[in-house]
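Engineer: Handing you a structure now.
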Amino acid sequence: MINTLFRAALAAASLALLPATALAQGSEQPPVGAPKPFHLPQTRSFTLDNGLAVTFIPYGLAPTTRISVQIRAGNIDDGDRTWLADLTGAMMEEGAAGRSKEDLATAIAAMGGSVNVGIGWNSSGVSTNVLSQYAADATALLASVVRQPNFDPAEFDRVRQNLVRNVDIQRAEPGSIATEAFRRILFGDGHPYGRSLPTEEQLRSYTLDDVSAFYAANFGAGRTRIYVAGRFDDVEMEAAIRAAFGDWARGEPDLAGGTAPRHGPIVQLIDRPGAPQTTLRLGFPVMAIDDPDAPAMTVMNAMLGGSFTSRLTRNLREDKGYTYSPGSGTTWVIGGGFWSFNADVTASETAPALRETFMEIRRLQDETPPQAEANNIRNWLAGVFILQNASTGGLIGQLANRDLWNLPADYLDTYVPRILAVSDDEISLMARQYLPLDEMVLVLVGDLSLIGDEVRALPEFQNAHIITASDN
Amino acid sequence: MTIYRGLAASCAALLLAACQPADPVTGTDSAAGDAAVTHDTSFQVDVSYYRLDNGLRVVLSEDHSVPTATVGVYYGVGFRNEPQGRTGFAHLFEHLMFQGSANLPHGAFDNLIYGSGGVNNGSTRYDFTNYYEVVPSNALQAILWAEADRMAAPNLNEAQLDNQREVVRNEVFVNVINQPYGGWIWIDLPMAANENWHNAHNFYGDLSDLDAASLEDAQSFFDTYYAPNNAVLVVAGDIDKGETLAWIEDMFAPIEAGAPLPEIDTSEPRQNAEKFDVLEDALANQPALAVGYHMPDRGTPEYYAMTVLDQLLLQGDDSLLTASLVNQEGFASGVFGGINMLGNAFNYDGPMLWTVGLIHDSEFSVSEVMDTLDTTIEGVRTDLVSEVDVERARTKLLADFYSTVDTGTRFGLVDLLASFAMFDDDPERINRITEGFEQVTPELIRATAEEFLRPSNRTVLEVRLAPDDADAPE
């Protein structure tokens with residue numbers, strides 16, 4: 001929900017008028033001392049004979065246990081049947097081992113949890129968070145959902161209709177419209193990464209047999225890793241996992257074929273008459289997550305648009321007031337990655353907002369950032385690393401990411417030193433190397449009668465392939 | 001006013017509502033030996049509560065599991081307090097509090113927090129506006145100083161007001177005006193359901209009211225509401241309570257108390273007839289339905305019964321409305337809502353709705369959906385729910401509580417401590433949070449449902465698709 005009703009602030013303007021009233025406290029800021037060391041919790045990992053890997057993460061204060069079963073199966077395995085993975089996941093929520101959805105939901109709720117099946121681009125998760133005393137029972141229940149979905153024909157039409165409805169709802173959202181077009185340009189129609197939403201006809205053509213076949217081809221012990229985080233009895237949980245998953249078949253081999261995103265210059269304009277804002281997606285292909293440049297990319301992103309103190313946020317929001325929630329980030333995929341900047345800007349300020357965005361990219365490319373600014377950004381990433389790893393869900397997410405991308409076991413332990421070692425020059429180098437403006441991919445969703453001419457006239461687009469299509 | 005320096009002087013002068021340090025935060029070694037029926041409730045939150053001479057309430061909670069400290073400054077002013085003709089002002093003012101203060105020029109506050117490795121934010125709700133940050137604990141003293149600086153003297157000026165007016169306008173666009181469904185369930189429904197202006201206005205703000213907001217409005221709003229006697233300060237995490245309290249005394253005690261707050265009547269009359277409203281949405285592809293029932297008063301036995309009813313009827317895949325509306329009838333992909341769409345059952349203080357919402361296919365009529373909803377809800381108004389079902393609802397509430405307080409940022413923990421200090425003058429309540437649920441019986445649940453889930457106590461808001469040729473709203 002609007003957990004935002006956000007706020008404001010930035011930049012270093014000393015234009016501010018200081019009130020003449022007496023100061024209520026000392027005017028000297030107390031110093032910020034040296035940070036205390038932060039240690040990741042000790043984990044323990046083991047692998048079952050069928051290839052299923054397990055990681056235990058003892059952590060937390062409250063007597064709860066989070067169990068997450070991560071399978072290397074996702075939309076990348078859809079082939080040309082977009083969202084077949086989602087339909088499979090939705091059917092996995094409809095009962096297992098002969099028990100109904102309600103029966104399972106009631107059982108897990110009595111343990112304080114619920115079963116969630118989440119489908120991602122590259123991996124899927126079946127997870128729950130329960131009171132610790134039920135962790136072993138919950139493991140058995142999760143195993144039935146993962147291993148023995150009912151795939152009951154009586155539920156299929158309703159579940160498929162749910163997905164049809166969800167797609168229809170998403171197609172009305174400017175952000176989804178923009179993202180769909182953006183990904184199609186970046187990855188093309190020929191790869192699942194390039195197809196973020198199915199058509200209604202497509203969805204309606206899928207059968208329960210398709211779902212069963214997708215499940216059989218992509219779910220198995222050999223592609224699964226279980227993470228247990230929280231307060232739990234190590235011996236009891238190992239026994240529970242061995243009992244529930246030990247005899248699961250290894251399954252089919254992992255054949256996921258990744259792809260690297262493409263570059264532009266391509267600009268797509270999508271008309272949304274009457275829209276008071278323009279929704280924009282700006283992107284460039286970048287390196288893969290295991291590339292030596294990745295830490296420098298992370299620092300560059302945080303400085304340019306990835307934090308509240310970033311240059312794009314300060315300029316577009318805190319100085320110009322063009323937008324509320326601008327932000328950039330790097331998305332890693334199998335086969336590469338891309339950097340993107342997202343914002344919803346006041347329609348009449350679309351061209352000025354783009355000009356400022358291009359200016360900030362050029363400025364970072366041309367000038368090594370001041371050391372104080374770079375230090376702040378590196379410190380911020382080091383501090384945020386603590387927050388990312390200070391909860392059971394966060395720890396599982398970090399470790400699952402490490403494992404999905406086959407990163408070294410000590411990846412998280414060495415993350416902060418790698419970030420702190422990025423030099424000020426390297427930050428600019430990343431912007432030069434990976435964000436060449438003459439190769440940008442840009443999608444704008446807005447009122448073209450209002451913004452079209454001014455945007456088309458921007459000098460950056462002189463050599464770009466400009467696509468004008470209405471939202472489908 | 002007296003300025004106290006140091007812990008010794010403070011303790012003598014402070015009203016110590018919770019002198020005894022609570023037990024350190026612990027859990028047990030979990031499930032292994034527990035009997036199946038009893039839940040581990042040994043989890044305790046460390047709580048110490050103080051009040052400075054200027055009225056500032058202070059809650060400290062020590063826990064060294066992660067070397068970070070979380071600060072929350074809660075002011076007792078929200079949507080309900082904002083002046084007529086200035087809808088959205090409480091939220092606009094929240095933005096202004098980030099624009100610099102006497103010793104921190106514009107941007108310095110955020111640079112201090114982010115540069116030391118933290119994050120911050122603020123939010124505006126019905127009955128409070130909060131400002132919160134989590135930082136590595138070595139930065140705590142500096143962050144407290146910064147919060148004191150803006151409590152004492154924020155830098156309110158025209159340039160920043162104009163800038164943030166544009167930012168807020170874009171916020172309203174991106175969250176409401178340029179989105180399908182917009183504010184249907186969290187703005188439009190309360191506006192339709194409530195009678196009293198304080199509860200029934202557009203709290204994100206009419207754009208014309210935002211345009212009319214002036215610097216004088218801002219100064220007067222600050223003077224009236226942003227005084228230490230209308231605030232709660234919570235610090236939780238890797239702290240030394242004695243040292244932290246001494247810093248707080250140094251930095252906050254010199255800020256002068258404000259005049260007593262203007263009293264407003266936020267009460268709602270008992271609703272005696274069902275209300276209906278329709279919202280035409282030019283952007284949505286599917287119709288939607290939101291239903292709001294007036295809640296029992298916060299803290300009453302019936303209120304606790306409603307928190308249990310919320311679990312039984314609406315929360316989770318085991319809930320009755322999910323079973324009927326989603327699984328059996330297939331009207332929608334999911335049904336959602338609860339107590340307080342802008343928070344939870346604890347962080348408000350006034351009239352509130354229990355809300356149910358769903359986005360359903362066009363082929364189903366509103367009356368079909370409402371018939372099923374009525375049948376489901378009539379069940380709990382007529383029949384006694386089983387003890388097993390009540391126990392499961394309590395278990396879900398306990399698990400929810402743990403999920404709220406045991407997070408990486410401690411924002412959920414700080415929010416509960418601040419809410420219990422601000423609205424109940426009793427942050428220790430966090431360690432008795434399950435007591436209210438334990439006293440709920442099947443009989444009380446039925447009686448509560450009979451009175452509060454009657455159709456004449458509700459408002460039904462229908463989201464209809466606008467004709468195809470309609471323009472997007474603005």
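In the structure tokens, each chain is lettered A, B, ... as it comes, each chain's residues begin at 1, and ligands are numbered from 1 in order of appearance.
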Pick out the residues sitting within 10 Å of Ala142 of chain B, and hand them over as a list in words; count only C-alpha atoms, and ignore anything fewer than 4 positions along from it in its own chain.

Structural biologist: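 With the cut-off at 10 Å, the set is Glu28, Gln29, Pro30, Pro31, Val32 and Gly33 of chain A; Leu112, Ile113, Ser116, Asn138, Ala146, Glu147, Ala148 and Trp247 of chain B.
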
Engineer: Output N, CA and C atoms for every residue in that selection, as a compact mmCIF listing (two decimals), in the first residue's frame.

Structural biologist:
```txt
# COMPACT_ATOMS: atom_id res chain seq x y z
N GLU A 28 27.05 22.10 16.94
CA GLU A 28 28.06 21.22 16.38
C GLU A 28 27.55 19.80 16.29
N GLN A 29 27.64 19.22 15.13
CA GLN A 29 27.22 17.83 14.98
C GLN A 29 28.21 16.91 15.70
N PRO A 30 27.70 16.01 16.56
CA PRO A 30 28.60 15.03 17.18
C PRO A 30 29.24 14.17 16.09
N PRO A 31 30.45 13.70 16.32
CA PRO A 31 31.13 12.90 15.29
C PRO A 31 30.48 11.54 15.11
N VAL A 32 30.63 11.00 13.92
CA VAL A 32 30.22 9.62 13.66
C VAL A 32 31.47 8.75 13.82
N GLY A 33 31.45 7.85 14.78
CA GLY A 33 32.64 7.04 15.06
C GLY A 33 32.86 5.96 14.03
N LEU B 112 24.00 12.87 5.98
CA LEU B 112 24.51 12.34 7.25
C LEU B 112 24.07 10.89 7.42
N ILE B 113 22.79 10.64 7.18
CA ILE B 113 22.26 9.29 7.41
C ILE B 113 22.79 8.29 6.37
N SER B 116 26.57 7.62 6.52
CA SER B 116 27.05 6.76 7.60
C SER B 116 26.52 5.33 7.44
N ASN B 138 27.26 3.34 15.48
CA ASN B 138 28.26 4.39 15.72
C ASN B 138 27.77 5.77 15.31
N ALA B 146 20.60 15.38 14.93
CA ALA B 146 19.92 15.88 13.73
C ALA B 146 18.41 15.90 13.93
N GLU B 147 17.86 14.86 14.58
CA GLU B 147 16.41 14.84 14.83
C GLU B 147 16.02 15.98 15.78
N ALA B 148 16.86 16.22 16.78
CA ALA B 148 16.57 17.33 17.70
C ALA B 148 16.61 18.66 16.97
N TRP B 247 22.28 11.56 26.10
CA TRP B 247 22.31 12.33 24.84
C TRP B 247 20.95 12.98 24.59
```

Engineer: Do you know which residues are at most 10 Å from Phe385 of chain A counting only C-alpha atoms, after dropping those on the same chain fewer than 5 positions away, and could you put them as a list in words?

Structural biologist: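 Selected residues are Phe38, Asn379, Trp380, Ala390, Gly394, Gln398, Leu412, Tyr415 and Val416 of chain A; Gly117 and Gly118 of chain B.
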
Engineer: Do you know which residues are at most 12 Å from Arg394 of chain B counting only C-alpha atoms, after dropping those on the same chain fewer than 4 positions away, and could you put them as number ranges by chain?

Structural biologist: A: 109-113; B: 38-39, 304-312, 315, 387-390, 398-401, 433-441

Engineer: Restricting it to C-alpha atoms, dump the selection as a PDB file, in the first residue's frame.

Structural biologist:
```pdb
ATOM      1  CA  ALA A 109      -2.170 -21.486   9.430  1.00  0.00           C
ATOM      2  CA  ALA A 110      -2.407 -23.442  12.680  1.00  0.00           C
ATOM      3  CA  MET A 111       1.411 -23.359  12.683  1.00  0.00           C
ATOM      4  CA  GLY A 112       1.369 -19.579  12.205  1.00  0.00           C
ATOM      5  CA  GLY A 113       2.254 -19.642   8.520  1.00  0.00           C
TER       6      GLY A 113
ATOM      7  CA  THR B  38       1.198 -24.266  24.093  1.00  0.00           C
ATOM      8  CA  HIS B  39       3.105 -21.611  22.249  1.00  0.00           C
ATOM      9  CA  TYR B 304     -10.045  -7.682  20.103  1.00  0.00           C
ATOM     10  CA  ALA B 305     -12.874  -9.879  18.854  1.00  0.00           C
ATOM     11  CA  MET B 306     -12.715  -7.988  15.527  1.00  0.00           C
ATOM     12  CA  THR B 307      -8.977  -8.671  15.241  1.00  0.00           C
ATOM     13  CA  VAL B 308      -9.813 -12.369  15.605  1.00  0.00           C
ATOM     14  CA  LEU B 309     -12.721 -12.054  13.146  1.00  0.00           C
ATOM     15  CA  ASP B 310     -10.357 -10.387  10.678  1.00  0.00           C
ATOM     16  CA  GLN B 311      -8.153 -13.479  10.838  1.00  0.00           C
ATOM     17  CA  LEU B 312     -11.080 -15.866  10.556  1.00  0.00           C
ATOM     18  CA  GLN B 315      -6.420 -13.064   6.440  1.00  0.00           C
ATOM     19  CA  GLU B 387     -12.547 -23.116  19.645  1.00  0.00           C
ATOM     20  CA  VAL B 388     -10.142 -24.688  17.161  1.00  0.00           C
ATOM     21  CA  ASP B 389     -10.771 -21.889  14.679  1.00  0.00           C
ATOM     22  CA  VAL B 390     -10.296 -19.236  17.348  1.00  0.00           C
ATOM     23  CA  LEU B 398       1.146 -14.290  17.367  1.00  0.00           C
ATOM     24  CA  ALA B 399       3.101 -15.153  14.215  1.00  0.00           C
ATOM     25  CA  ASP B 400       2.168 -11.762  12.713  1.00  0.00           C
ATOM     26  CA  PHE B 401       3.462 -10.046  15.821  1.00  0.00           C
ATOM     27  CA  ILE B 433       0.007  -7.859  23.199  1.00  0.00           C
ATOM     28  CA  THR B 434      -1.522 -11.322  23.196  1.00  0.00           C
ATOM     29  CA  GLU B 435      -3.595 -10.748  26.347  1.00  0.00           C
ATOM     30  CA  GLY B 436      -6.466  -9.113  24.523  1.00  0.00           C
ATOM     31  CA  PHE B 437      -6.728 -11.972  22.028  1.00  0.00           C
ATOM     32  CA  GLU B 438      -6.600 -14.609  24.756  1.00  0.00           C
ATOM     33  CA  GLN B 439      -9.820 -13.269  26.283  1.00  0.00           C
ATOM     34  CA  VAL B 440     -11.818 -13.518  23.077  1.00  0.00           C
ATOM     35  CA  THR B 441     -14.481 -16.259  23.258  1.00  0.00           C
TER      36      THR B 441
END
```

Engineer: Go through segment 42-220 of chain B and collect every residue that DSSP, computed from the backbone, puts in strand (DSSP E or B); the answer should be as a VMD selection string.

Structural biologist: chain B and resid 48 to 51 57 to 62 68 to 75 101 104 119 to 124 129 to 136 154

Engineer: I'd like to know which residues of segment 86-200 of chain A are helix (DSSP H, G or I) (by DSSP, run on the backbone); could you write them as a ChimeraX atom specification?

Structural biologist: /A:86-92,101-109,132-147,153-170,174-187,192-194,200

Engineer: Near Gly89 of chain A, within 6 Å and counting only C-alpha atoms, which residues show up once chain neighbours fewer than 3 positions away are dropped, as number ranges by chain?

Structural biologist: A: 86, 92, 117

Engineer: Measuring between only C-alpha atoms, which one of B:Pro442, B:Gly72, B:Gly357, B:Pro83 shows the shortest distance to Leu417 of chain B?

Structural biologist: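 Result for the nearest residue to Leu417 of chain B: B:Gly72.
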
Engineer: Excluding Val54 of chain A and residues on its chain fewer than 3 positions from it, collect all residues at most 6 Å away from it, counting only C-alpha atoms, and give them as a ChimeraX atom specification.

Structural biologist: /A:45-47,225-227

Engineer: Could you dump the residues just selected with N, CA and C atoms as a compact mmCIF listing (two decimals), in the first residue's frame?

Structural biologist:
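Dumped everything to again.txt:
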```
# COMPACT_ATOMS: atom_id res chain seq x y z
N SER A 45 25.85 -26.16 5.58
CA SER A 45 25.24 -26.69 4.35
C SER A 45 25.57 -28.17 4.20
N PHE A 46 24.65 -28.89 3.62
CA PHE A 46 24.91 -30.30 3.28
C PHE A 46 24.04 -30.65 2.07
N THR A 47 24.39 -31.73 1.43
CA THR A 47 23.69 -32.13 0.21
C THR A 47 23.18 -33.57 0.37
N ARG A 225 17.27 -26.23 -3.72
CA ARG A 225 18.05 -25.92 -2.53
C ARG A 225 17.08 -25.43 -1.46
N ILE A 226 17.24 -25.93 -0.27
CA ILE A 226 16.36 -25.53 0.83
C ILE A 226 17.15 -24.68 1.82
N TYR A 227 16.57 -23.56 2.18
CA TYR A 227 17.17 -22.67 3.18
C TYR A 227 16.27 -22.65 4.41
```

Engineer: Find the residues near Arg99 of chain A: any atom within 12 Å, counting only C-alpha atoms, skip ones fewer than 3 places away on the same chain, and give them as a list in words.

Structural biologist: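 In the requested form, the answer reads Met92, Glu93, Glu94, Gly95, Ala96, Glu102, Asp103, Leu104, Ala105, Thr106, Ala107, Leu141, Ser144, Val145, Gln148, Pro149, Asn150, Phe151 and Asp152 of chain A.
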
Engineer: Keeping C-alpha atoms for every residue in the selection just given, could you write it to a file as an mmCIF file, in the first residue's frame?

Structural biologist:
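Produced file again_18.cif, reproduced below:
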```
data_model
loop_
_atom_site.group_PDB
_atom_site.id
_atom_site.type_symbol
_atom_site.label_atom_id
_atom_site.label_comp_id
_atom_site.auth_asym_id
_atom_site.auth_seq_id
_atom_site.Cartn_x
_atom_site.Cartn_y
_atom_site.Cartn_z
ATOM 1 C CA MET A 92 0.843 -25.923 -7.027
ATOM 2 C CA GLU A 93 -1.069 -23.737 -4.566
ATOM 3 C CA GLU A 94 -4.253 -25.751 -5.175
ATOM 4 C CA GLY A 95 -3.632 -28.744 -2.969
ATOM 5 C CA ALA A 96 -1.152 -31.591 -2.678
ATOM 6 C CA GLU A 102 -8.274 -25.379 2.208
ATOM 7 C CA ASP A 103 -7.059 -28.349 4.179
ATOM 8 C CA LEU A 104 -3.416 -27.432 3.629
ATOM 9 C CA ALA A 105 -4.084 -23.753 4.271
ATOM 10 C CA THR A 106 -5.782 -24.558 7.558
ATOM 11 C CA ALA A 107 -2.969 -26.871 8.643
ATOM 12 C CA LEU A 141 3.787 -29.981 4.452
ATOM 13 C CA SER A 144 4.032 -32.304 -0.277
ATOM 14 C CA VAL A 145 3.354 -29.004 -2.073
ATOM 15 C CA GLN A 148 3.042 -33.978 -4.971
ATOM 16 C CA PRO A 149 0.826 -31.208 -6.332
ATOM 17 C CA ASN A 150 -2.701 -32.477 -6.985
ATOM 18 C CA PHE A 151 -3.015 -30.711 -10.343
ATOM 19 C CA ASP A 152 -6.748 -31.311 -9.990
#
```

Engineer: For atom CA of Arg363 of chain A and atom CA of Ser328 of chain A, determine how far apart the two atoms are, in Å to one decimal place.

Structural biologist: 16.5 Å

Engineer: Please list as a PyMOL selection string every residue within 6 Å of segment 408-416 of chain B, counting only C-alpha atoms and excluding residues in the same chain fewer than 2 positions away.

Structural biologist: (chain A and resi 387+390-391) or (chain B and resi 404-405+418-419)

Engineer: Looking at A:Thr259, A:Thr179, A:Thr65, A:Ser205, which one is nearest to chain B, with distances taken over only C-alpha atoms?

Structural biologist: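 Closest to chain B of all the choices is A:Thr65.
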
Engineer: Can you check which parts of segment 173-270 of chain A lie within 6 Å of segment 434-456 of chain A? Per residue, the shortest pair of atoms and distance in Å to one decimal, counting only C-alpha atoms, sorted by chain and number, as a tab-separated table.

Structural biologist:
```
residue	atom	partner	partner_atom	distance
A:Phe182	CA	A:Val443	CA	5.9
A:His263	CA	A:Glu439	CA	5.6
A:Gly264	CA	A:Glu439	CA	4.3
A:Pro265	CA	A:Glu439	CA	4.3
A:Ile266	CA	A:Val441	CA	5.0
A:Val267	CA	A:Leu442	CA	4.7
A:Gln268	CA	A:Val443	CA	4.7
A:Leu269	CA	A:Leu444	CA	5.0
A:Ile270	CA	A:Val445	CA	4.7
```

Engineer: Name the closest residue to chain A among the candidates B:Thr129, B:Thr70, B:Gln271, B:Ser333; distances are taken between atoms, counting only C-alpha atoms.

Structural biologist: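 Looking only at the distances to chain A, the closest residue turns out to be B:Ser333.
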